[in-house]
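K.L.:
Here you go, coords.cif (mmCIF, C-alpha atoms and all ligand atoms):
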```
data_input
loop_
_atom_site.label_atom_id
_atom_site.label_comp_id
_atom_site.auth_asym_id
_atom_site.auth_seq_id
_atom_site.Cartn_x
_atom_site.Cartn_y
_atom_site.Cartn_z
CA MET A 1 62.70 -8.81 48.94
CA LEU A 2 59.27 -9.52 47.39
CA THR A 3 59.33 -11.74 44.33
CA VAL A 4 56.20 -12.75 42.47
CA LYS A 5 56.69 -15.60 40.00
CA ASN A 6 54.24 -16.85 37.41
CA LEU A 7 51.18 -15.77 39.42
CA THR A 8 47.96 -16.87 37.77
CA LYS A 9 44.45 -16.17 38.97
CA THR A 10 40.97 -16.91 37.65
CA TYR A 11 37.89 -15.71 39.47
CA ASN A 12 34.98 -18.16 39.54
CA GLY A 13 33.86 -18.89 36.02
CA ALA A 14 35.47 -15.73 34.66
CA LYS A 15 38.32 -15.39 32.19
CA ARG A 16 41.84 -15.31 33.54
CA SER A 17 42.59 -12.14 35.53
CA LEU A 18 46.32 -12.75 35.98
CA GLU A 19 48.44 -14.73 33.54
CA MET A 20 51.93 -15.78 34.67
CA VAL A 21 52.63 -12.44 36.38
CA SER A 22 56.26 -12.09 37.54
CA PHE A 23 58.13 -9.13 39.03
CA THR A 24 60.36 -8.18 41.96
CA VAL A 25 60.05 -5.39 44.52
CA ARG A 26 63.51 -4.46 45.71
CA PRO A 27 64.31 -3.36 49.28
CA GLY A 28 63.74 0.31 49.99
CA GLU A 29 62.24 0.98 46.57
CA MET A 30 58.85 2.17 45.42
CA THR A 31 57.41 -0.07 42.73
CA ALA A 32 54.29 1.18 40.95
CA ILE A 33 51.84 -1.08 39.16
CA ILE A 34 50.04 0.79 36.39
CA GLY A 35 47.54 -0.33 33.78
CA PRO A 36 43.99 0.23 32.55
CA SER A 37 40.91 -0.40 34.65
CA GLY A 38 40.37 -4.14 35.05
CA ALA A 39 43.98 -5.01 34.14
CA GLY A 40 44.50 -6.92 37.39
CA LYS A 41 46.27 -4.44 39.68
CA THR A 42 44.08 -4.99 42.74
CA THR A 43 44.07 -8.73 42.15
CA ILE A 44 47.87 -8.74 42.34
CA LEU A 45 47.93 -6.88 45.65
CA ARG A 46 45.20 -9.01 47.19
CA SER A 47 46.94 -12.19 46.09
CA ILE A 48 50.24 -11.16 47.66
CA ASN A 49 48.99 -11.44 51.21
CA GLN A 50 46.54 -14.15 50.20
CA LEU A 51 43.37 -12.16 50.84
CA ILE A 52 42.10 -14.02 47.78
CA PRO A 53 43.20 -17.45 46.62
CA ASP A 54 45.19 -17.65 43.39
CA ASP A 55 45.51 -20.58 40.98
CA SER A 56 49.29 -21.03 40.85
CA GLY A 57 52.65 -19.33 41.13
CA GLU A 58 55.10 -18.37 43.87
CA ILE A 59 55.19 -15.30 46.14
CA PHE A 60 58.45 -14.98 48.06
CA LEU A 61 58.84 -12.46 50.87
CA ASP A 62 62.57 -12.78 51.47
CA ASP A 63 63.07 -16.57 51.49
CA GLN A 64 59.55 -17.58 52.39
CA ASP A 65 56.94 -18.61 49.85
CA ILE A 66 53.80 -17.01 51.29
CA ARG A 67 51.64 -19.48 49.36
CA GLN A 68 53.13 -22.43 51.25
CA LEU A 69 52.53 -21.10 54.76
CA ASN A 70 50.06 -22.57 57.24
CA LYS A 71 47.50 -20.34 58.94
CA GLN A 72 49.85 -19.30 61.74
CA GLY A 73 52.75 -18.62 59.35
CA LEU A 74 50.48 -16.54 57.13
CA ARG A 75 49.31 -14.51 60.12
CA ARG A 76 52.93 -13.80 61.03
CA VAL A 77 53.86 -12.76 57.49
CA ARG A 78 50.74 -10.61 57.10
CA HIS A 79 51.81 -8.68 60.14
CA ARG A 80 54.98 -7.64 58.29
CA ILE A 81 52.95 -6.44 55.29
CA GLY A 82 51.18 -3.11 55.76
CA MET A 83 48.15 -2.27 53.62
CA ILE A 84 46.74 1.07 52.55
CA PHE A 85 43.45 1.30 50.67
CA GLN A 86 41.69 3.79 48.42
CA ASN A 87 38.74 3.96 50.84
CA TYR A 88 41.07 4.08 53.90
CA ASN A 89 39.41 1.09 55.68
CA LEU A 90 39.33 2.94 58.99
CA VAL A 91 36.72 2.48 61.70
CA ASP A 92 35.00 5.84 61.29
CA GLN A 93 33.41 6.02 64.74
CA LEU A 94 36.77 5.45 66.47
CA THR A 95 39.44 8.09 67.03
CA ALA A 96 42.58 8.43 64.91
CA ILE A 97 44.78 6.98 67.66
CA GLU A 98 42.46 3.99 68.15
CA ASN A 99 42.66 3.26 64.44
CA VAL A 100 46.46 3.55 64.47
CA LEU A 101 46.65 1.16 67.43
CA HIS A 102 44.72 -1.39 65.37
CA GLY A 103 47.99 -1.81 63.49
CA ARG A 104 49.25 -3.75 66.54
CA LEU A 105 46.35 -6.21 66.55
CA GLY A 106 48.17 -8.80 64.44
CA ALA A 107 50.99 -8.91 66.99
CA LYS A 108 48.72 -9.47 69.99
CA LEU A 109 47.21 -12.49 71.62
CA ALA A 110 43.54 -12.80 70.68
CA LEU A 111 42.22 -11.75 74.09
CA ALA A 112 44.42 -8.64 74.40
CA GLY A 113 43.38 -7.73 70.88
CA MET A 114 39.70 -8.24 71.61
CA LEU A 115 39.87 -6.11 74.72
CA SER A 116 41.95 -3.47 72.91
CA LEU A 117 44.66 -3.66 75.58
CA TYR A 118 47.58 -1.54 74.49
CA SER A 119 50.71 -0.70 76.45
CA ARG A 120 51.82 2.81 77.32
CA GLU A 121 54.68 2.40 74.81
CA GLU A 122 52.28 1.41 72.05
CA LYS A 123 50.08 4.43 72.74
CA GLN A 124 53.12 6.72 72.71
CA GLU A 125 54.29 5.18 69.43
CA ALA A 126 50.86 5.74 67.88
CA LEU A 127 50.93 9.39 69.00
CA ASP A 128 54.45 9.82 67.61
CA LEU A 129 53.40 8.34 64.26
CA LEU A 130 50.40 10.64 64.06
CA ALA A 131 52.70 13.58 64.84
CA GLU A 132 55.02 12.44 62.04
CA MET A 133 52.01 12.45 59.71
CA GLY A 134 51.26 16.03 60.75
CA LEU A 135 48.22 14.90 62.73
CA ALA A 136 49.31 15.51 66.33
CA ASP A 137 46.24 17.66 66.96
CA PHE A 138 43.86 15.08 65.51
CA ALA A 139 44.81 12.02 67.60
CA TYR A 140 41.60 12.09 69.63
CA LYS A 141 39.29 13.17 66.80
CA ARG A 142 36.89 10.66 65.35
CA CYS A 143 37.94 9.52 61.91
CA SER A 144 34.48 10.43 60.57
CA ASP A 145 35.45 14.07 61.21
CA LEU A 146 38.69 13.92 59.20
CA SER A 147 39.25 14.85 55.55
CA GLY A 148 40.23 12.23 52.98
CA GLY A 149 43.88 13.25 53.06
CA GLN A 150 43.92 13.14 56.86
CA LYS A 151 42.24 9.72 56.85
CA GLN A 152 44.84 8.38 54.46
CA ARG A 153 47.63 9.63 56.71
CA VAL A 154 45.96 7.82 59.64
CA GLY A 155 45.98 4.74 57.38
CA ILE A 156 49.72 5.14 56.80
CA ALA A 157 50.36 5.54 60.55
CA ARG A 158 48.32 2.38 61.18
CA ALA A 159 50.43 0.48 58.62
CA LEU A 160 53.64 1.79 60.24
CA MET A 161 52.43 0.57 63.64
CA GLN A 162 52.97 -2.93 62.21
CA HIS A 163 56.68 -2.20 61.68
CA PRO A 164 56.27 -3.53 58.14
CA LYS A 165 58.99 -4.54 55.71
CA ILE A 166 56.70 -3.71 52.84
CA ILE A 167 53.52 -1.70 52.39
CA LEU A 168 50.99 -2.56 49.71
CA CYS A 169 48.99 0.48 48.59
CA ASP A 170 45.87 0.01 46.49
CA GLU A 171 45.22 3.30 44.71
CA PRO A 172 45.81 5.30 47.90
CA ILE A 173 45.41 8.68 46.21
CA ALA A 174 42.46 7.93 43.94
CA SER A 175 40.03 9.84 46.19
CA LEU A 176 42.35 12.72 47.12
CA ASP A 177 42.74 16.28 45.84
CA PRO A 178 46.09 17.33 44.33
CA LYS A 179 47.44 18.83 47.55
CA SER A 180 46.65 15.75 49.64
CA THR A 181 47.98 13.55 46.83
CA THR A 182 51.36 15.28 47.03
CA LEU A 183 51.40 15.06 50.82
CA VAL A 184 50.60 11.34 50.85
CA MET A 185 53.00 10.47 48.01
CA ASP A 186 55.81 12.47 49.66
CA ILE A 187 55.27 10.56 52.91
CA LEU A 188 55.29 7.18 51.15
CA LYS A 189 58.43 8.07 49.21
CA LYS A 190 60.18 9.19 52.38
CA LEU A 191 59.45 5.82 54.01
CA THR A 192 61.44 4.10 51.26
CA THR A 193 64.45 6.37 51.58
CA THR A 194 64.62 6.91 55.35
CA GLN A 195 63.19 3.67 56.74
CA ASP A 196 64.12 1.25 53.97
CA ILE A 197 60.50 0.14 53.68
CA SER A 198 59.51 -1.20 50.27
CA ILE A 199 56.32 0.14 48.74
CA LEU A 200 54.23 -1.61 46.11
CA ILE A 201 51.59 0.81 44.90
CA ASN A 202 48.76 0.57 42.39
CA LEU A 203 48.30 3.85 40.57
CA HIS A 204 46.00 5.19 37.89
CA GLN A 205 48.05 8.35 37.31
CA VAL A 206 51.06 7.68 35.07
CA ASP A 207 52.60 11.08 35.85
CA ILE A 208 52.57 10.33 39.58
CA ALA A 209 54.09 6.89 38.97
CA LYS A 210 56.86 8.46 36.89
CA ALA A 211 57.52 11.19 39.44
CA TYR A 212 57.68 8.97 42.52
CA ALA A 213 58.35 5.32 41.64
CA ASP A 214 61.80 3.81 41.24
CA HIS A 215 60.43 0.89 39.28
CA ILE A 216 57.27 0.43 37.21
CA VAL A 217 55.35 -2.70 36.31
CA GLY A 218 52.80 -2.22 33.51
CA ILE A 219 49.85 -4.63 33.35
CA ASN A 220 47.42 -5.12 30.51
CA GLN A 221 44.69 -7.78 30.66
CA GLY A 222 46.49 -9.71 33.35
CA LEU A 223 49.85 -9.76 31.56
CA VAL A 224 53.03 -7.91 32.49
CA VAL A 225 53.83 -5.79 29.42
CA PHE A 226 56.42 -3.49 31.03
CA ASP A 227 58.90 -4.06 33.87
CA ALA A 228 61.75 -1.58 34.20
CA ASP A 229 63.11 1.47 35.99
CA ALA A 230 60.67 4.38 35.95
CA ALA A 231 63.08 6.39 33.80
CA ALA A 232 62.60 3.84 31.00
CA LEU A 233 58.83 4.42 30.76
CA SER A 234 58.59 5.93 27.28
CA ASN A 235 55.45 7.20 25.55
CA GLU A 236 55.47 4.05 23.40
CA ALA A 237 55.59 1.89 26.54
CA ILE A 238 52.68 3.85 28.02
CA GLN A 239 50.69 3.31 24.84
CA GLU A 240 51.36 -0.41 24.97
CA ILE A 241 50.34 -0.65 28.63
CA TYR A 242 47.07 1.23 28.00
CA ALA A 243 46.33 -0.35 24.61
N1 LIG B 301 35.44 -10.70 42.81
C1 LIG B 301 35.57 -10.82 41.49
N2 LIG B 301 34.83 -11.73 40.81
C2 LIG B 301 34.97 -11.91 39.47
N3 LIG B 301 35.82 -11.18 38.70
C3 LIG B 301 36.56 -10.25 39.32
C4 LIG B 301 36.48 -10.02 40.74
N4 LIG B 301 37.36 -9.03 41.06
C5 LIG B 301 37.96 -8.65 39.91
N5 LIG B 301 37.49 -9.39 38.87
C6 LIG B 301 37.91 -9.28 37.48
O1 LIG B 301 39.32 -9.46 37.41
C7 LIG B 301 39.92 -8.54 36.50
C8 LIG B 301 40.96 -7.71 37.22
O2 LIG B 301 40.31 -6.90 38.18
P1 LIG B 301 41.13 -5.93 39.16
O3 LIG B 301 40.13 -5.33 40.09
O4 LIG B 301 42.26 -6.66 39.73
O5 LIG B 301 41.66 -4.83 38.12
P2 LIG B 301 42.30 -3.41 38.41
O6 LIG B 301 43.42 -3.27 37.46
O7 LIG B 301 42.61 -3.27 39.85
O8 LIG B 301 41.12 -2.43 38.02
P3 LIG B 301 40.80 -0.95 38.54
O9 LIG B 301 41.93 -0.09 38.09
O10 LIG B 301 39.51 -0.60 37.85
O11 LIG B 301 40.65 -1.02 40.02
C9 LIG B 301 38.76 -7.72 35.90
O12 LIG B 301 38.40 -8.31 34.69
C10 LIG B 301 37.67 -7.86 36.92
O13 LIG B 301 36.40 -7.79 36.32
#
```
Take the structure from the file and write it as structure tokens.
Ligand SMILES: Nc1ncnc2c1ncn2[C@@H]1O[C@H](COP(=O)(O)OP(=O)(O)OP(=O)(O)O)[C@@H](O)[C@H]1O

P.N.:
Amino acid sequence: MLTVKNLTKTYNGAKRSLEMVSFTVRPGEMTAIIGPSGAGKTTILRSINQLIPDDSGEIFLDDQDIRQLNKQGLRRVRHRIGMIFQNYNLVDQLTAIENVLHGRLGAKLALAGMLSLYSREEKQEALDLLAEMGLADFAYKRCSDLSGGQKQRVGIARALMQHPKIILCDEPIASLDPKSTTLVMDILKKLTTTQDISILINLHQVDIAKAYADHIVGINQGLVVFDADAAALSNEAIQEIYA
């Protein structure tokens, strides 16, 4: 479903951050990217939907090479890729439901988007998603008044509002306590099994990656040093990834 081939990236004047990175995210699976700080995990995610330019490689979502798309094509593809961030990226002064509705912006004409014009169906869908996230009572609360775990669940609902084929998660649990971590990871896992959504997730915690991911990609200094089913992640492999 998502195939990254020989992705290479150098930031201005710096040494190479990604070196011929290749891996595949299969449909309905959770793939975790693990590796030490600075290994290139965020750079991979940001390159996939072309938030940052890369040097070379191929990024296929189904049959389409994202790197070859024009502006309009890229906009369309981005709408099928949900994103979840460590710092939530919500508009704090808006309510939870308003933030969730932002997930529809990519599908709207510019004017409707600018005026925040949403249909009754869209509003109902946003409410239903918040209820699914256990946040029915928080729909009209400002996001600034929510806890980290609640904010992240609003972020997931916003991503789901895009009806994505894949969700990219950049360390979504890094700021959460253990209870919220379990809640958020359980929700993400359930999306893969019940909705056939693929998840590509950057994680710092190896134990969480082993417990939840179907497939693990280990990165060290911009190179893929492990790429296999989670069950194959041995202590030796972990040592090599974190060397
Ligand atoms: N905007 C930037 N300008 C220059 N170098 C950058 C930039 N962003 C990242 N890098 C460098 O690219 C490399 C990979 O960084 P990246 O943030 O992708 O790693 P990471 O694995 O996500 O790290 P962490 O786990 O700490 O978030 C690092 O050497 C980093 O210093």

K.L.:
At a cut-off of 8 Å and counting only C-alpha atoms and all ligand atoms, what residues surround ligand LIG 301 (chain B)? Please answer as a ChimeraX atom specification.

P.N.:
/A:10-18,34-44,171,202-204,219,221-222

K.L.:
Tell me, as a VMD selection string, which residues lie within 10 Å of stretch 146-154 of chain A, counting all atoms listed in the file; anything in the same chain fewer than 5 positions away does not count.

P.N.:
chain A and resid 84 to 90 92 95 to 100 126 129 to 130 132 to 135 138 to 139 141 159 to 160 172 to 173 175 to 184 187 to 188

K.L.:
Could you give me, as number ranges by chain, the residues within 12 Å of A:Val77, counting only C-alpha atoms and dropping anything in the same chain fewer than 2 positions from it?

P.N.:
A: 2, 48-50, 59-75, 79-82, 106-107, 162-166

K.L.:
Set the distance at 9 Å and use all atoms listed in the file: which residues neighbour A:Glu240 once local chain neighbours fewer than 2 positions away are removed? I'd like the list as number ranges by chain.

P.N.:
A: 218, 220, 225-226, 235-238, 242-243

K.L.:
Write out as a PyMOL selection string which residues come within 7 Å of A:Val217 when counting all atoms listed in the file, dropping same-chain ones fewer than 5 positions away.

P.N.:
chain A and resi 32-34+224+226-228

K.L.:
So what do you get for atom CA of A:Ser22 versus atom CA of A:Pro53, distance-wise?

P.N.:
16.8 Å

K.L.:
How many Å lie between atom CA of A:Lys210 and atom CA of A:Ala174, rounded to one decimal?

P.N.:
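Going from atom CA of A:Lys210 over to atom CA of A:Ala174 covers 16.0 Å.
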
K.L.:
Residues within 7 Å of (46.5, -19.8, 39.9), file coordinates, counting only C-alpha atoms: what are they? Give the list as a ChimeraX atom specification.

P.N.:
/A:7-10,54-57
